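Containing CSV, C-alpha atoms: structure.csv.
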chain,number,residue,atom,x,y,z
R,20,CYS,CA,97.8,155.1,228.8
R,21,GLU,CA,99.9,157.4,226.7
R,22,PRO,CA,102.6,155.2,225.2
R,23,GLN,CA,105.5,156.9,223.4
R,24,GLN,CA,106.0,156.0,219.7
R,25,ASN,CA,109.2,154.1,220.5
R,26,GLU,CA,107.3,152.1,223.1
R,27,LEU,CA,104.9,150.8,220.4
R,28,SER,CA,105.7,147.6,218.7
R,29,ILE,CA,103.9,145.9,215.9
R,30,ASN,CA,103.7,142.1,215.6
R,31,GLN,CA,102.4,140.9,212.2
R,32,SER,CA,102.8,137.6,210.4
R,33,PHE,CA,102.9,138.7,206.7
R,34,LEU,CA,106.5,139.5,206.2
R,35,GLY,CA,107.6,141.7,203.2
R,36,LEU,CA,104.5,144.0,203.3
R,37,GLN,CA,104.8,147.8,203.0
R,38,VAL,CA,103.6,149.1,206.3
R,39,LYS,CA,103.6,152.6,208.0
R,40,THR,CA,102.7,153.7,211.5
R,41,ARG,CA,101.4,157.1,212.6
R,42,ALA,CA,100.6,158.5,216.1
R,43,ALA,CA,98.2,161.3,216.9
R,44,GLY,CA,97.9,161.7,220.7
R,45,ARG,CA,96.9,158.4,222.1
R,46,VAL,CA,95.6,157.2,218.7
R,47,HIS,CA,98.1,155.0,216.8
R,48,THR,CA,97.5,154.0,213.1
R,49,LEU,CA,99.0,151.1,211.1
R,50,THR,CA,98.7,151.4,207.3
R,51,VAL,CA,99.3,148.5,205.0
R,52,ARG,CA,100.0,149.6,201.4
R,53,ASP,CA,99.0,147.9,198.2
R,54,VAL,CA,97.2,145.1,200.1
R,55,LYS,CA,96.2,141.9,198.3
R,56,LEU,CA,93.4,139.4,198.9
R,57,SER,CA,95.9,136.7,199.9
R,58,GLU,CA,97.4,139.0,202.6
R,59,ALA,CA,94.5,138.9,205.0
R,60,GLY,CA,95.5,137.9,208.6
R,61,GLU,CA,95.9,138.9,212.2
R,62,VAL,CA,97.6,142.1,213.5
R,63,LYS,CA,98.8,142.5,217.1
R,64,VAL,CA,99.8,145.8,218.8
R,65,THR,CA,101.7,145.9,222.2
R,66,ALA,CA,102.2,149.0,224.4
R,67,LYS,CA,104.4,147.9,227.4
R,68,ASP,CA,102.3,145.3,229.2
R,69,PHE,CA,99.1,146.1,227.2
R,70,LEU,CA,98.2,143.8,224.2
R,71,THR,CA,95.5,144.3,221.7
R,72,GLN,CA,94.9,142.5,218.4
R,73,ALA,CA,92.6,142.8,215.3
R,74,GLN,CA,91.7,140.8,212.2
R,75,LEU,CA,92.6,142.2,208.8
R,76,PHE,CA,90.0,141.4,206.2
R,77,VAL,CA,90.7,142.4,202.6
R,78,GLY,CA,87.4,143.6,201.2
R,79,GLY,CA,85.7,141.9,204.2
R,80,LYS,CA,84.1,139.4,201.7
R,81,THR,CA,84.3,135.6,201.2
R,82,LEU,CA,83.7,133.6,198.0
R,83,LYS,CA,81.1,130.9,198.6
R,84,HIS,CA,80.0,127.9,196.5
R,85,THR,CA,77.6,125.0,197.2
R,86,GLY,CA,77.2,121.5,195.7
R,87,ASP,CA,78.3,117.9,196.1
R,88,SER,CA,82.0,117.9,196.9
R,89,GLU,CA,82.5,114.7,194.7
R,90,HIS,CA,80.6,116.2,191.8
R,91,ILE,CA,81.6,119.9,192.0
R,92,LYS,CA,85.2,121.0,192.6
R,93,HIS,CA,86.1,124.6,193.5
R,94,VAL,CA,89.6,125.8,192.5
R,95,GLN,CA,91.2,129.1,193.3
R,96,ALA,CA,94.0,130.1,191.0
R,97,ASP,CA,95.9,133.2,189.7
R,98,GLY,CA,95.0,135.5,192.6
R,99,LEU,CA,91.5,136.9,192.1
R,100,LYS,CA,90.5,134.3,189.5
R,101,HIS,CA,88.2,131.5,190.8
R,102,THR,CA,87.1,128.5,188.8
R,103,LEU,CA,84.1,126.2,189.4
R,104,THR,CA,84.5,122.7,187.8
R,105,ILE,CA,81.5,120.4,187.3
R,106,LYS,CA,82.7,116.8,186.7
R,107,ASP,CA,80.9,114.3,184.4
R,108,CYS,CA,78.0,116.7,183.5
R,109,ALA,CA,74.5,115.2,183.3
R,110,MET,CA,71.3,116.7,182.0
R,111,GLU,CA,70.2,117.6,185.6
R,112,ASP,CA,73.3,119.8,185.9
R,113,GLU,CA,71.8,122.2,183.4
R,114,GLY,CA,70.8,125.6,184.9
R,115,GLU,CA,72.0,128.9,186.3
R,116,TYR,CA,75.1,129.0,188.4
R,117,THR,CA,76.0,132.0,190.6
R,118,ALA,CA,79.2,133.1,192.2
R,119,MET,CA,78.8,135.3,195.4
R,120,VAL,CA,81.4,137.5,197.1
R,121,GLY,CA,79.7,139.1,200.1
R,122,ASP,CA,76.7,140.9,198.7
R,123,ASP,CA,78.1,140.9,195.2
R,124,LYS,CA,77.3,138.1,192.7
R,125,CYS,CA,77.5,137.1,189.1
R,126,ALA,CA,75.6,134.4,187.2
R,127,ALA,CA,76.0,132.3,184.1
R,128,GLU,CA,73.8,129.7,182.3
R,129,LEU,CA,75.0,126.2,181.7
R,130,ILE,CA,73.4,124.5,178.7
R,131,ILE,CA,74.0,120.8,178.1
R,132,SER,CA,73.4,119.2,174.7
R,133,GLU,CA,72.2,115.6,174.9
R,134,ALA,CA,74.8,113.2,173.7
R,135,PRO,CA,73.8,110.8,170.9
R,136,THR,CA,72.9,107.2,171.7
R,137,ASP,CA,75.6,104.7,171.1
R,138,PHE,CA,76.2,101.0,171.6
R,139,THR,CA,78.2,100.1,174.7
R,140,GLY,CA,77.7,96.4,174.1
R,141,GLN,CA,77.6,94.8,170.6
R,142,LEU,CA,75.5,91.9,169.3
R,143,ARG,CA,77.2,88.5,169.2
R,144,ASP,CA,76.8,85.6,166.8
R,145,GLN,CA,74.4,82.9,168.1
R,146,THR,CA,74.4,79.2,167.3
R,147,ILE,CA,71.3,77.3,168.4
R,148,THR,CA,69.6,74.0,167.7
R,149,GLU,CA,66.5,73.9,165.4
R,150,PHE,CA,63.2,74.6,167.2
R,151,GLU,CA,65.0,76.4,170.1
R,152,ASP,CA,64.5,80.1,170.9
R,153,ALA,CA,67.3,82.5,170.0
R,154,GLU,CA,68.1,85.7,172.0
R,155,PHE,CA,70.1,88.7,170.8
R,156,THR,CA,71.2,91.2,173.4
R,157,CYS,CA,72.9,94.6,173.0
R,158,LYS,CA,73.6,97.4,175.4
R,159,LEU,CA,73.0,101.2,174.8
R,160,SER,CA,74.4,104.3,176.4
R,161,LYS,CA,70.8,105.5,177.1
R,162,GLU,CA,67.8,103.5,178.4
R,163,LYS,CA,65.0,105.3,176.5
R,164,ALA,CA,66.2,105.1,172.9
R,165,ALA,CA,64.2,104.4,169.7
R,166,VAL,CA,65.6,101.0,168.8
R,167,LYS,CA,64.7,99.0,165.6
R,168,TRP,CA,65.6,95.4,164.8
R,169,TYR,CA,66.4,94.2,161.3
R,170,LYS,CA,66.6,90.8,159.5
R,171,ASN,CA,68.8,90.8,156.4
R,172,GLY,CA,68.3,94.6,156.2
R,173,ARG,CA,64.5,94.6,156.5
R,174,GLU,CA,62.9,95.9,159.7
R,175,ILE,CA,61.3,93.3,162.0
R,176,ARG,CA,57.7,93.7,163.1
R,177,GLU,CA,56.8,92.2,166.4
R,178,GLY,CA,54.6,89.2,166.3
R,179,PRO,CA,54.1,85.7,167.7
R,180,ARG,CA,57.7,84.7,166.7
R,181,TYR,CA,59.5,88.0,167.2
R,182,LEU,CA,59.6,89.7,170.6
R,183,SER,CA,61.6,92.7,171.6
R,184,TYR,CA,61.8,94.5,174.9
R,185,PHE,CA,64.1,96.5,177.2
R,186,ALA,CA,65.3,95.3,180.6
R,187,SER,CA,68.8,96.3,181.5
R,188,HIS,CA,69.6,95.7,177.8
R,189,ASP,CA,67.8,95.7,174.5
R,190,ILE,CA,66.7,92.1,173.7
R,191,LEU,CA,65.3,90.4,170.6
R,192,ILE,CA,63.8,86.9,171.0
R,193,ILE,CA,63.1,84.7,168.0
R,194,LYS,CA,60.8,81.9,169.0
R,195,VAL,CA,61.1,78.3,167.7
R,196,CYS,CA,63.9,78.9,165.2
R,197,ARG,CA,63.9,77.2,161.8
R,198,PRO,CA,66.6,76.9,159.2
R,199,ASP,CA,65.3,79.8,157.2
R,200,ASP,CA,65.8,82.0,160.3
R,201,GLU,CA,69.6,81.6,159.7
R,202,CYS,CA,70.8,85.0,158.5
R,203,GLU,CA,72.1,88.4,159.6
R,204,TYR,CA,70.3,90.3,162.4
R,205,ALA,CA,70.9,93.9,163.3
R,206,CYS,CA,69.9,96.4,166.0
R,207,GLY,CA,69.7,100.1,164.9
R,208,VAL,CA,69.4,103.4,166.7
R,209,ASP,CA,69.6,106.6,164.6
R,210,GLU,CA,72.3,105.9,162.0
R,211,ARG,CA,74.2,103.4,164.1
R,212,ARG,CA,74.1,99.6,163.7
R,213,THR,CA,75.4,96.5,165.4
R,214,ARG,CA,75.1,93.2,163.6
R,215,ALA,CA,75.5,89.5,164.2
R,216,ARG,CA,74.5,86.2,162.5
R,217,LEU,CA,72.2,83.4,163.7
R,218,PHE,CA,73.3,79.8,162.9
R,219,VAL,CA,70.6,77.1,163.2
R,220,GLU,CA,71.8,73.6,163.5
R,221,GLY,CA,69.6,70.5,162.8
R,222,GLN,CA,68.1,68.8,165.8
R,223,LEU,CA,69.8,65.7,166.9
R,224,PRO,CA,67.7,62.5,166.6
R,225,ASP,CA,66.7,60.5,169.7
R,226,SER,CA,68.5,57.2,170.2
R,227,THR,CA,65.2,55.4,169.7
R,228,SER,CA,64.2,57.2,166.5
R,229,ARG,CA,65.3,56.3,162.9
R,230,GLU,CA,67.6,58.5,161.0
R,231,VAL,CA,65.7,60.7,158.6
R,232,LEU,CA,67.4,62.6,155.7
R,233,VAL,CA,65.7,65.9,154.9
R,234,LYS,CA,66.8,67.4,151.6
R,235,GLU,CA,66.2,71.2,151.2
R,236,GLN,CA,64.0,72.1,148.3
R,237,LEU,CA,66.0,74.1,145.7
R,238,VAL,CA,64.4,76.9,143.8
R,239,LEU,CA,66.0,78.5,140.7
R,240,PRO,CA,66.6,82.2,141.2
R,241,GLU,CA,64.1,84.6,139.7
R,242,VAL,CA,64.7,88.4,139.2
R,243,LYS,CA,62.3,91.1,138.0
R,244,ILE,CA,63.0,94.8,137.9
R,245,LYS,CA,60.2,97.2,138.9
R,246,LEU,CA,60.5,99.3,135.7
R,247,ASP,CA,58.6,99.6,132.4
R,248,GLY,CA,60.7,100.7,129.5
R,249,THR,CA,63.6,103.2,129.8
R,250,LEU,CA,64.0,105.3,132.9
R,251,VAL,CA,64.6,108.9,131.9
R,252,VAL,CA,65.8,111.5,134.4
R,253,ARG,CA,67.4,114.9,134.3
R,254,ALA,CA,71.0,115.5,135.4
R,255,GLY,CA,71.3,116.1,139.1
R,256,ASP,CA,68.2,114.1,140.0
R,257,SER,CA,68.3,110.8,142.0
R,258,ILE,CA,67.9,107.4,140.3
R,259,ALA,CA,66.3,104.5,142.2
R,260,VAL,CA,65.9,101.0,140.6
R,261,GLU,CA,64.5,98.1,142.7
R,262,ALA,CA,64.4,94.4,141.7
R,263,ILE,CA,62.4,91.5,143.2
R,264,VAL,CA,64.6,88.5,144.0
R,265,LYS,CA,63.4,85.0,144.7
R,266,GLY,CA,65.1,81.6,145.1
R,267,LYS,CA,66.2,78.9,147.5
R,268,PRO,CA,68.7,79.0,149.0
R,269,GLN,CA,68.7,82.8,149.2
R,270,PRO,CA,70.6,84.0,146.0
R,271,ASP,CA,73.7,86.2,146.0
R,272,VAL,CA,72.9,89.5,144.1
R,273,LYS,CA,75.2,91.8,142.1
R,274,TRP,CA,74.7,94.8,139.8
R,275,THR,CA,76.7,95.5,136.7
R,276,LYS,CA,76.6,98.2,133.9
R,277,ASP,CA,76.8,98.1,130.1
R,278,GLU,CA,77.5,94.3,129.7
R,279,THR,CA,80.7,94.5,131.8
R,280,THR,CA,81.5,91.9,134.5
R,281,GLU,CA,82.8,94.5,136.9
R,282,GLU,CA,80.4,94.6,139.9
R,283,ILE,CA,79.0,98.0,140.9
R,284,LYS,CA,80.3,98.9,144.4
R,285,LYS,CA,79.0,101.4,147.0
R,286,GLY,CA,80.5,104.9,146.8
R,287,PRO,CA,79.8,108.6,147.6
R,288,ARG,CA,77.0,108.7,145.0
R,289,LEU,CA,76.1,104.9,144.8
R,290,GLN,CA,74.1,103.0,147.4
R,291,LEU,CA,73.1,99.3,147.3
R,292,GLU,CA,70.6,97.6,149.6
R,293,THR,CA,69.8,93.9,149.5
R,294,GLY,CA,67.3,92.0,151.6
R,295,ALA,CA,65.7,88.6,151.7
R,296,ASP,CA,63.5,89.2,148.6
R,297,PHE,CA,64.7,92.5,147.1
R,298,SER,CA,67.7,94.5,145.9
R,299,LYS,CA,67.8,98.2,145.3
R,300,LEU,CA,70.3,100.5,143.5
R,301,LEU,CA,70.3,104.2,144.3
R,302,ILE,CA,72.4,106.9,142.4
R,303,ASN,CA,72.4,110.4,143.8
R,304,GLY,CA,73.2,113.5,141.6
R,305,ALA,CA,72.7,111.7,138.2
R,306,ARG,CA,75.3,112.5,135.5
R,307,ARG,CA,75.3,111.8,131.7
R,308,THR,CA,77.9,109.1,132.3
R,309,ASP,CA,75.3,107.2,134.5
R,310,SER,CA,73.3,106.6,131.3
R,311,GLY,CA,73.4,103.0,130.1
R,312,LYS,CA,72.1,99.4,130.5
R,313,TYR,CA,72.1,98.0,134.1
R,314,VAL,CA,72.0,94.3,134.8
R,315,VAL,CA,71.1,92.7,138.2
R,316,THR,CA,72.1,89.0,138.5
R,317,ALA,CA,71.0,86.5,141.2
R,318,SER,CA,72.9,83.2,141.8
R,319,ASN,CA,72.5,80.2,144.1
R,320,SER,CA,73.3,76.5,144.0
R,321,SER,CA,70.3,76.0,141.6
R,322,GLY,CA,71.5,78.4,138.9
R,323,THR,CA,71.6,82.0,137.8
R,324,SER,CA,69.0,84.5,136.6
R,325,SER,CA,69.3,88.2,135.5
R,326,ALA,CA,67.2,91.2,134.5
R,327,LYS,CA,68.1,94.4,132.7
R,328,CYS,CA,66.9,98.0,132.6
R,329,THR,CA,68.0,101.1,130.6
R,330,ILE,CA,68.6,104.5,132.2
R,331,ASN,CA,68.9,107.8,130.2
R,332,VAL,CA,70.2,110.9,131.9
R,333,LEU,CA,69.3,114.1,130.0
R,334,ASP,CA,71.8,117.0,130.0
R,335,ARG,CA,73.0,119.8,127.7
R,336,PRO,CA,74.5,118.6,124.4
R,337,GLY,CA,78.2,118.8,123.8
R,338,PRO,CA,79.8,121.3,121.4
R,339,ILE,CA,79.5,120.9,117.6
R,340,ARG,CA,82.5,119.5,115.7
R,341,ASP,CA,84.5,120.4,112.7
R,342,LEU,CA,83.1,123.9,112.0
R,343,LYS,CA,83.9,125.0,108.4
R,344,VAL,CA,83.4,128.4,106.8
R,345,SER,CA,83.3,128.8,102.9
R,346,GLY,CA,82.0,131.2,100.2
R,347,ILE,CA,83.1,134.3,102.1
R,348,THR,CA,82.1,137.7,100.6
R,349,THR,CA,81.9,141.2,102.1
R,350,ASP,CA,78.6,140.4,103.8
R,351,ARG,CA,78.0,136.7,103.4
R,352,CYS,CA,79.5,133.3,104.2
R,353,ASN,CA,78.5,129.6,104.3
R,354,LEU,CA,78.8,127.5,107.5
R,355,ALA,CA,78.9,123.7,107.9
R,356,TRP,CA,79.6,121.5,110.9
R,357,GLU,CA,79.3,118.0,112.3
R,358,VAL,CA,76.8,117.1,115.0
R,359,PRO,CA,78.0,117.0,118.7
R,360,GLU,CA,79.6,113.8,119.9
R,361,ASP,CA,77.1,113.8,122.9
R,362,ASP,CA,73.6,114.9,122.0
R,363,GLY,CA,72.6,115.2,125.7
R,364,GLY,CA,70.4,112.2,125.7
R,365,CYS,CA,67.9,113.2,123.0
R,366,ASP,CA,67.7,114.3,119.3
R,367,ILE,CA,68.8,117.8,118.4
R,368,TYR,CA,66.1,119.5,116.5
R,369,ASN,CA,67.6,122.9,115.8
R,370,TYR,CA,70.8,125.0,116.3
R,371,ILE,CA,71.2,128.7,117.2
R,372,ILE,CA,73.6,130.9,115.2
R,373,GLU,CA,75.0,134.2,116.5
R,374,LYS,CA,77.1,136.7,114.7
R,375,CYS,CA,79.2,139.7,115.7
R,376,GLU,CA,79.9,142.7,113.5
R,377,THR,CA,83.5,143.7,113.7
R,378,LYS,CA,82.8,147.4,113.9
R,379,ARG,CA,80.3,147.1,116.8
R,380,GLY,CA,81.8,144.2,118.6
R,381,VAL,CA,78.4,143.0,119.8
R,382,TRP,CA,77.0,139.5,119.4
R,383,SER,CA,73.4,139.0,118.2
R,384,VAL,CA,71.2,136.1,117.2
R,385,HIS,CA,71.2,135.5,113.5
R,386,SER,CA,68.9,132.5,113.6
R,387,ASN,CA,67.5,130.3,116.4
R,388,ALA,CA,65.8,127.7,114.2
R,389,VAL,CA,68.5,126.1,112.0
R,390,ILE,CA,67.3,122.5,111.6
R,391,THR,CA,70.3,121.2,109.5
R,392,ASN,CA,74.0,121.2,110.2
R,393,LYS,CA,74.7,123.9,107.6
R,394,ALA,CA,73.5,127.5,107.0
R,395,LYS,CA,74.2,130.7,105.0
R,396,VAL,CA,74.9,133.8,107.0

Full structure transcribed into structure tokens:
Amino acid sequence: CEPQQNELSINQSFLGLQVKTRAAGRVHTLTVRDVKLSEAGEVKVTAKDFLTQAQLFVGGKTLKHTGDSEHIKHVQADGLKHTLTIKDCAMEDEGEYTAMVGDDKCAAELIISEAPTDFTGQLRDQTITEFEDAEFTCKLSKEKAAVKWYKNGREIREGPRYLSYFASHDILIIKVCRPDDECEYACGVDERRTRARLFVEGQLPDSTSREVLVKEQLVLPEVKIKLDGTLVVRAGDSIAVEAIVKGKPQPDVKWTKDETTEEIKKGPRLQLETGADFSKLLINGARRTDSGKYVVTASNSSGTSSAKCTINVLDRPGPIRDLKVSGITTDRCNLAWEVPEDDGGCDIYNYIIEKCETKRGVWSVHSNAVITNKAKV
């Protein structure tokens, strides 16, 4: 068949393309200019009653991806740009991912950092009857986490009365509770804490038994600081003072400084920790102003007791005061001064005097062993 050029018609479905036809004998050519990936499709050529058709592939390549359709979502956007989205990443999603276009491919590594453990279910206050078992439960974001339990700030060691285990939640069981078990309990993982209180009510008597009044034994508070003499530290060091506290019922503890009644509070440099039988004061980055007398006081319904300690922070002395110059001659003068207001925490044994000749303009040490507060230069 030798169709004429005007007998050739082209039927194509992508309207608006730049196309050109050319004939060389019985060979007819259709050229599509500036083709794009999205313009792939079917082309039909008709010569009188003869129909032929062909598929137009742009690059002849297909982008492929694999994975769970609910977990991995493939999105094509902005023409040639393709995006692979992995929803709700888990540790098992870590690895190498590859995009393939025909025989071409590129790869990238997905690295997943493990999220910190957190509490998804907090402890709740418990009220039980004396001699019953108490159970505290909290829920964590991870099953295998290093959990610690605390009673009034002190870590609980497992024993006949304290049992901890993990089922679907982390659980602490306190067996046969007594009145002295009534306090605050906490569950900790890393730096996170969840807290709750245990309230123990007296057991109700049987109808056949006689009423018995039990009076709790009261013990006057007793406080002793673990420190002999004055604690001396250098500026910038840490200061730790611990006191042993006893008494029934458990005393309330507070720290004060320099005979004031204002209680020391926690702050950026100050930390306070109090447990069933101790109280600890920690000061980070010691300063001269931290020097002084510290008082720890314990109080309960039986009375009050206190203990004291002295802390001295050593630092550089302050500047001398009221410098006076007298007896001035061509090469001599007399100096006198008052001692610094702040001696830096210890006695000053000598002063250093420097001088500067006006012609040279250079300072030099005249004497580094002046033991009084006056000198002749």

Separation of CA of Ser324 in chain R from CA of Lys273 in chain R in Å: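 Interatomic distance here is 11.0 Å.
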
Separation of CA of Glu210 in chain R from CA of Gln290 in chain R in Å: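 Separation of CA of Gln290 in chain R and CA of Glu210 in chain R: 15.0 Å.
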
Selection as a PyMOL selection string: residues within 10 Å of (66.0, 77.1, 173.3), counting only C-alpha atoms: chain R and resi 147-154+193-196

Shell around Ile131 in chain R at 10 Å using all atoms listed in the file, local window under 6 positions removed, as a VMD selection string: chain R and resid 108 to 114

Arg211 in chain R surroundings by all atoms listed in the file, 10 Å radius, close-in-sequence under 5 positions cut, as a PyMOL selection string: chain R and resi 136-138+206

Nearest-residue call for Val314 in chain R, choices R:Lys374, R:Arg351, R:Arg197, R:Lys276, using all atoms listed in the file: R:Lys276

CA of Asp309 in chain R to CA of Ser257 in chain R, straight-line distance in Å: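 Interatomic distance here is 10.9 Å.
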
Of the listed residues R:Thr249, R:Ser318, R:Asn392, R:Ser383, that which approaches Ile330 in chain R most closely, counting all atoms listed in the file: R:Thr249

Neighbour list for range 156-165 of chain R as number ranges by chain, cut-off 10 Å, all atoms listed in the file, skip fewer than 3 positions in-chain: R: 134-143, 183, 185-192, 205-209, 213-214

Surrounding residues of Thr308 in chain R excluding itself and chain neighbours under 4 positions, 12 Å, all atoms listed in the file, as a PyMOL selection string: chain R and resi 254-255+276-277+302+304+312+330-334+361+363-364

Generate a file of the selected residues that holds C-alpha atoms, formatted as a short mmCIF file (atom, residue, chain, number, x, y, z; two decimals), keeping the file's coordinate frame.
data_model
loop_
_atom_site.label_atom_id
_atom_site.label_comp_id
_atom_site.auth_asym_id
_atom_site.auth_seq_id
_atom_site.Cartn_x
_atom_site.Cartn_y
_atom_site.Cartn_z
CA ALA R 254 71.00 115.50 135.40
CA GLY R 255 71.30 116.10 139.10
CA LYS R 276 76.60 98.20 133.90
CA ASP R 277 76.80 98.10 130.10
CA ILE R 302 72.40 106.90 142.40
CA GLY R 304 73.20 113.50 141.60
CA LYS R 312 72.10 99.40 130.50
CA ILE R 330 68.60 104.50 132.20
CA ASN R 331 68.90 107.80 130.20
CA VAL R 332 70.20 110.90 131.90
CA LEU R 333 69.30 114.10 130.00
CA ASP R 334 71.80 117.00 130.00
CA ASP R 361 77.10 113.80 122.90
CA GLY R 363 72.60 115.20 125.70
CA GLY R 364 70.40 112.20 125.70
#

Test item: residues at most 10 Å from Ile339 in chain R, all atoms listed in the file, excluding those fewer than 3 positions along its chain, as a list in words: Pro336, Leu342, Trp356, Glu357, Val358, Pro359, Glu360, Asp361, Asp362, Tyr370 and Asn392 of chain R

Take the point (64.1, 83.2, 138.2) as written in the file and pick out every residue within 7 Å of it, counting only C-alpha atoms; give the list as a PDB file with C-alpha atoms, in the coordinates of the input.
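The result, written out as point37.pdb:
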ATOM      1  CA  LEU R 239      66.000  78.500 140.700  1.00  0.00           C
ATOM      2  CA  PRO R 240      66.600  82.200 141.200  1.00  0.00           C
ATOM      3  CA  GLU R 241      64.100  84.600 139.700  1.00  0.00           C
ATOM      4  CA  VAL R 242      64.700  88.400 139.200  1.00  0.00           C
ATOM      5  CA  LYS R 265      63.400  85.000 144.700  1.00  0.00           C
ATOM      6  CA  SER R 324      69.000  84.500 136.600  1.00  0.00           C
TER       7      SER R 324
END
